[in-house]
Amino acid sequence: MKVFSTAVLVSIVALSLLFVYCDAEAAKAEGKSLTPMGLERTTRPESVANPGVIPHVASDFDGDGISDKAFYRRAQSKWFWRPSSDINGTLHTFTFGNSTDVLVPGDYDGNGTTDFAVFRPSDGTWYISSGGPSFSATKFGLSTDLPTQGDFDGDGKTDIAVYRPSTGTWYILGSTAGFSATRFGLDGDKPVAGDYDGDGKADIAVFRPSDGNWYELCSTAGFVNTHFGISTDKVTPGDYDGDGKTDISVFRPSTGDWYQLRSMTGFYTLNFGVQGDIPVPGDYDGDKKTDIAVIRPDPNTQTNAVWYIMRSAAGYFTIPFGNPPADDPIPEFYVPLQ
């Protein structure tokens, strides 16, 4: 078994052709595939400034701008987290949801902290709580839909949204913009919503495992297609270079490699993890950059998990916390389960 010590940069894989597609070619997102050419790079859209909106930090339950280590224990329907702002590392808990719910964390009220939220496939209802005795319940979606929450209207609040694989349709209930439906994708695609053009709004986007392509329908920059990754990769989008744009990123379980196409700094790769690790990217040092991180369950018992985090500003860090697979790490649920 590969022994993990410290993260080691591996040699940068050669990039090849640039693919730039105009809006007229958006039909390719309806099923046309490209010839696989390894890891390729496409020209990314220019940033559009929107300083009035602060993006939600994944798994930030105390609102300090730093991702907290957190998990959900299905057997107890209970959320566990250790606030990064608490120097004593006090364990906090909150009971909300049931064992069959899909976690959909986000900042639905725009107050800067992560809310406790679940999507219940059995009745298509979203249940959201800020941690007190009250909660909201919104029926939105079918049992076969994939929840794909994000701030699609740019008001600083996470919006309820689902991707329907059977029709390739996105249904969004914007907190300001209201209801919208957009057909973009195919059955088998993985929804990967994110702010790829940096205008402060989550963009509709999918990763297609069958051809390794990312298809984005950016709210300002329009259609963009990038060939990046293979079918067995786990998608891990995030803003890894801190420029306000979501970067294309994948974790390759077979090798423990992370491959990224950063919108400002370009291609990046890091060997950080082993087979069986769970990728949990987040901003664990509060520098506004997504950090590479994994959780490693004990290989024999699948318990006593350790978080391994490569913080972009504060460096390497580990901490034991949680017991997968009984516990689900919260940062994992910012993209639909893979």
# chains A, B, ... in the order shown; residues from 1 in each chain; ligands from 1

$ residues_around --residues "Thr95 (chain A)" --least-positions-apart "4" --cutoff "12 Å" --atoms "only C-alpha atoms" --output "PyMOL selection string"
chain A and resi 71-81+99+116-118+129-133

$ residues_around --residues "Leu217 (chain A)" --least-positions-apart "5" --cutoff "6 Å" --atoms "only C-alpha atoms" --output "PDB file with N, CA, C and O atoms, in the first residue's frame"
ATOM      1  N   ILE A 204     -24.376  27.188 -14.803  1.00  0.00           N
ATOM      2  CA  ILE A 204     -24.779  25.822 -15.137  1.00  0.00           C
ATOM      3  C   ILE A 204     -23.603  25.139 -15.844  1.00  0.00           C
ATOM      4  O   ILE A 204     -23.021  25.697 -16.772  1.00  0.00           O
ATOM      5  N   ALA A 205     -23.257  23.939 -15.404  1.00  0.00           N
ATOM      6  CA  ALA A 205     -22.118  23.236 -16.003  1.00  0.00           C
ATOM      7  C   ALA A 205     -22.226  21.742 -15.719  1.00  0.00           C
ATOM      8  O   ALA A 205     -22.773  21.333 -14.687  1.00  0.00           O
ATOM      9  N   GLY A 222     -20.941  33.082 -21.579  1.00  0.00           N
ATOM     10  CA  GLY A 222     -21.543  32.188 -22.559  1.00  0.00           C
ATOM     11  C   GLY A 222     -21.011  30.767 -22.482  1.00  0.00           C
ATOM     12  O   GLY A 222     -20.543  30.309 -21.445  1.00  0.00           O
ATOM     13  N   PHE A 223     -21.077  30.070 -23.605  1.00  0.00           N
ATOM     14  CA  PHE A 223     -20.727  28.645 -23.640  1.00  0.00           C
ATOM     15  C   PHE A 223     -19.213  28.425 -23.710  1.00  0.00           C
ATOM     16  O   PHE A 223     -18.504  29.068 -24.485  1.00  0.00           O
TER      17      PHE A 223
END

$ atom_distance --atom1 "CA of Thr265 (chain A)" --atom2 "CA of Pro237 (chain A)"
15.0 Å

$ atom_distance --atom1 "CA of Ala70 (chain A)" --atom2 "CA of Ala202 (chain A)"
23.7 Å

$ closest_residue --among "A:Asp283, A:Asp109, A:Asp328, A:Asp86" --to "Gly242 (chain A)" --atoms "only C-alpha atoms"
A:Asp283

$ residues_around --residues "Val104 (chain A)" --least-positions-apart "6" --cutoff "9 Å" --atoms "only C-alpha atoms" --output "list in words"
Asp115, Phe116, Ala117, Val118, Phe119, Trp126, Ile128, Pro147, Thr148, Gln149, Ile160, Ile330, Phe333, Tyr334, Val335 and Pro336 of chain A

$ atom_distance --atom1 "CA of Lys69 (chain A)" --atom2 "CA of Pro83 (chain A)"
7.4 Å

$ closest_residue --among "A:Gly97, A:Gly178, A:Leu103, A:Ile278" --to "Phe135 (chain A)" --atoms "only C-alpha atoms"
A:Gly97

$ select_by_dssp --residues "region 109-333 of chain A" --states "strand (DSSP E or B)" --output "ChimeraX atom specification"
/A:115-120,125-129,136-139,146-147,150,159-164,169-174,178-183,190-191,194,203-208,213-218,222-227,234-235,238,247-252,257-262,266-271,278-279,282,291-296,306-311,315-320,327-329

$ closest_residue --among "A:Tyr127, A:Gly65, A:Gly106, A:Asp187" --to "Asp145 (chain A)" --atoms "only C-alpha atoms"
A:Asp187

$ decode --residues "region 66-218 of chain A" --atoms "C-alpha atoms" --output "compact mmCIF listing (two decimals), in the first residue's frame"
# COMPACT_ATOMS: atom_id res chain seq x y z
CA ILE A 66 -12.63 29.20 6.97
CA SER A 67 -13.99 25.73 6.12
CA ASP A 68 -14.75 23.70 9.23
CA LYS A 69 -14.13 19.98 9.55
CA ALA A 70 -17.63 18.53 9.66
CA PHE A 71 -19.60 15.36 8.98
CA TYR A 72 -23.13 13.96 9.08
CA ARG A 73 -23.85 10.72 10.95
CA ARG A 74 -26.80 9.11 9.19
CA ALA A 75 -27.63 6.60 11.92
CA GLN A 76 -28.32 9.53 14.27
CA SER A 77 -29.40 12.15 11.70
CA LYS A 78 -26.84 14.38 13.37
CA TRP A 79 -24.37 16.97 12.11
CA PHE A 80 -20.96 17.23 13.83
CA TRP A 81 -18.45 20.05 13.35
CA ARG A 82 -15.45 21.69 14.97
CA PRO A 83 -15.47 25.47 14.37
CA SER A 84 -12.14 26.78 13.14
CA SER A 85 -12.67 29.90 15.27
CA ASP A 86 -12.72 27.81 18.48
CA ILE A 87 -9.13 27.35 19.64
CA ASN A 88 -10.27 24.56 21.95
CA GLY A 89 -11.70 22.54 19.08
CA THR A 90 -15.06 22.10 20.81
CA LEU A 91 -17.33 19.54 19.15
CA HIS A 92 -20.73 20.93 18.11
CA THR A 93 -23.75 18.88 17.04
CA PHE A 94 -27.18 19.50 15.55
CA THR A 95 -29.86 16.93 14.76
CA PHE A 96 -31.56 17.56 11.42
CA GLY A 97 -32.65 15.25 8.57
CA ASN A 98 -32.95 11.49 8.24
CA SER A 99 -30.84 8.58 7.10
CA THR A 100 -31.94 8.68 3.45
CA ASP A 101 -31.63 12.43 2.87
CA VAL A 102 -29.08 13.97 0.51
CA LEU A 103 -27.01 16.70 2.14
CA VAL A 104 -27.19 20.09 0.40
CA PRO A 105 -25.15 22.49 2.56
CA GLY A 106 -25.08 26.16 1.64
CA ASP A 107 -25.81 29.69 2.86
CA TYR A 108 -29.50 29.93 1.99
CA ASP A 109 -30.21 33.05 4.06
CA GLY A 110 -27.08 34.95 3.08
CA ASN A 111 -25.82 35.52 6.63
CA GLY A 112 -22.33 34.17 5.94
CA THR A 113 -22.64 30.81 7.68
CA THR A 114 -23.41 27.33 6.37
CA ASP A 115 -26.98 26.21 6.96
CA PHE A 116 -28.10 22.68 7.76
CA ALA A 117 -29.94 21.53 4.66
CA VAL A 118 -31.11 18.27 3.13
CA PHE A 119 -32.96 17.15 0.02
CA ARG A 120 -35.39 14.31 0.66
CA PRO A 121 -35.77 12.24 -2.53
CA SER A 122 -38.81 10.36 -1.19
CA ASP A 123 -40.96 13.50 -1.37
CA GLY A 124 -38.80 15.94 -3.37
CA THR A 125 -38.59 18.37 -0.47
CA TRP A 126 -35.74 20.63 0.65
CA TYR A 127 -35.52 21.12 4.42
CA ILE A 128 -33.33 24.01 5.57
CA SER A 129 -32.42 25.23 9.06
CA SER A 130 -30.01 27.85 10.36
CA GLY A 131 -29.59 25.84 13.55
CA GLY A 132 -32.55 26.94 15.64
CA PRO A 133 -35.92 25.28 16.26
CA SER A 134 -37.49 26.65 13.06
CA PHE A 135 -36.88 25.41 9.52
CA SER A 136 -38.22 25.84 6.00
CA ALA A 137 -39.60 23.13 3.74
CA THR A 138 -39.76 23.62 -0.03
CA LYS A 139 -40.99 20.98 -2.43
CA PHE A 140 -38.77 21.17 -5.48
CA GLY A 141 -37.66 18.18 -7.51
CA LEU A 142 -38.23 14.48 -8.15
CA SER A 143 -36.73 11.43 -6.48
CA THR A 144 -34.38 10.89 -9.45
CA ASP A 145 -33.14 14.49 -9.58
CA LEU A 146 -29.63 15.44 -8.51
CA PRO A 147 -29.57 18.44 -6.16
CA THR A 148 -27.06 21.04 -7.32
CA GLN A 149 -27.39 24.08 -5.09
CA GLY A 150 -25.54 27.33 -5.76
CA ASP A 151 -25.93 31.11 -5.94
CA PHE A 152 -27.27 31.32 -9.49
CA ASP A 153 -28.64 34.88 -9.26
CA GLY A 154 -25.67 36.44 -7.48
CA ASP A 155 -27.44 37.82 -4.41
CA GLY A 156 -25.18 36.09 -1.88
CA LYS A 157 -27.73 33.40 -1.04
CA THR A 158 -27.54 29.73 -2.02
CA ASP A 159 -30.42 28.82 -4.34
CA ILE A 160 -32.36 25.57 -4.47
CA ALA A 161 -31.64 23.75 -7.74
CA VAL A 162 -31.78 20.29 -9.27
CA TYR A 163 -30.46 18.62 -12.39
CA ARG A 164 -32.80 16.10 -14.02
CA PRO A 165 -30.67 13.48 -15.81
CA SER A 166 -33.59 11.98 -17.73
CA THR A 167 -34.11 15.20 -19.68
CA GLY A 168 -30.83 17.03 -19.13
CA THR A 169 -32.74 19.91 -17.57
CA TRP A 170 -31.70 22.27 -14.78
CA TYR A 171 -34.48 23.60 -12.56
CA ILE A 172 -33.48 26.57 -10.40
CA LEU A 173 -35.44 28.42 -7.73
CA GLY A 174 -33.50 31.65 -7.37
CA SER A 175 -33.93 33.56 -4.12
CA THR A 176 -34.08 36.80 -6.13
CA ALA A 177 -34.52 35.77 -9.77
CA GLY A 178 -37.22 33.14 -9.17
CA PHE A 179 -37.87 30.00 -11.19
CA SER A 180 -36.00 29.03 -14.33
CA ALA A 181 -35.55 25.87 -16.38
CA THR A 182 -32.63 25.30 -18.76
CA ARG A 183 -31.88 22.23 -20.85
CA PHE A 184 -28.14 21.62 -20.71
CA GLY A 185 -26.62 18.16 -20.49
CA LEU A 186 -27.30 14.49 -21.04
CA ASP A 187 -28.20 11.51 -18.89
CA GLY A 188 -24.95 10.38 -17.30
CA ASP A 189 -23.48 13.87 -16.98
CA LYS A 190 -22.34 15.12 -13.58
CA PRO A 191 -23.59 18.59 -12.67
CA VAL A 192 -20.69 20.84 -11.59
CA ALA A 193 -22.22 24.27 -11.01
CA GLY A 194 -19.73 27.02 -10.16
CA ASP A 195 -18.79 30.60 -10.96
CA TYR A 196 -16.53 29.85 -13.92
CA ASP A 197 -16.54 33.39 -15.35
CA GLY A 198 -16.16 35.28 -12.07
CA ASP A 199 -19.31 37.40 -12.25
CA GLY A 200 -20.59 36.38 -8.81
CA LYS A 201 -23.19 33.96 -10.16
CA ALA A 202 -23.06 30.16 -10.22
CA ASP A 203 -23.03 28.89 -13.79
CA ILE A 204 -24.78 25.82 -15.14
CA ALA A 205 -22.12 23.24 -16.00
CA VAL A 206 -21.67 19.49 -16.45
CA PHE A 207 -18.80 17.04 -16.63
CA ARG A 208 -19.35 14.24 -19.14
CA PRO A 209 -17.46 11.10 -18.07
CA SER A 210 -18.03 9.41 -21.42
CA ASP A 211 -15.76 11.88 -23.22
CA GLY A 212 -13.97 13.73 -20.40
CA ASN A 213 -15.47 17.08 -21.33
CA TRP A 214 -16.63 19.97 -19.15
CA TYR A 215 -19.50 21.94 -20.64
CA GLU A 216 -20.24 25.34 -19.09
CA LEU A 217 -23.09 27.74 -19.76
CA CYS A 218 -21.64 30.83 -18.14
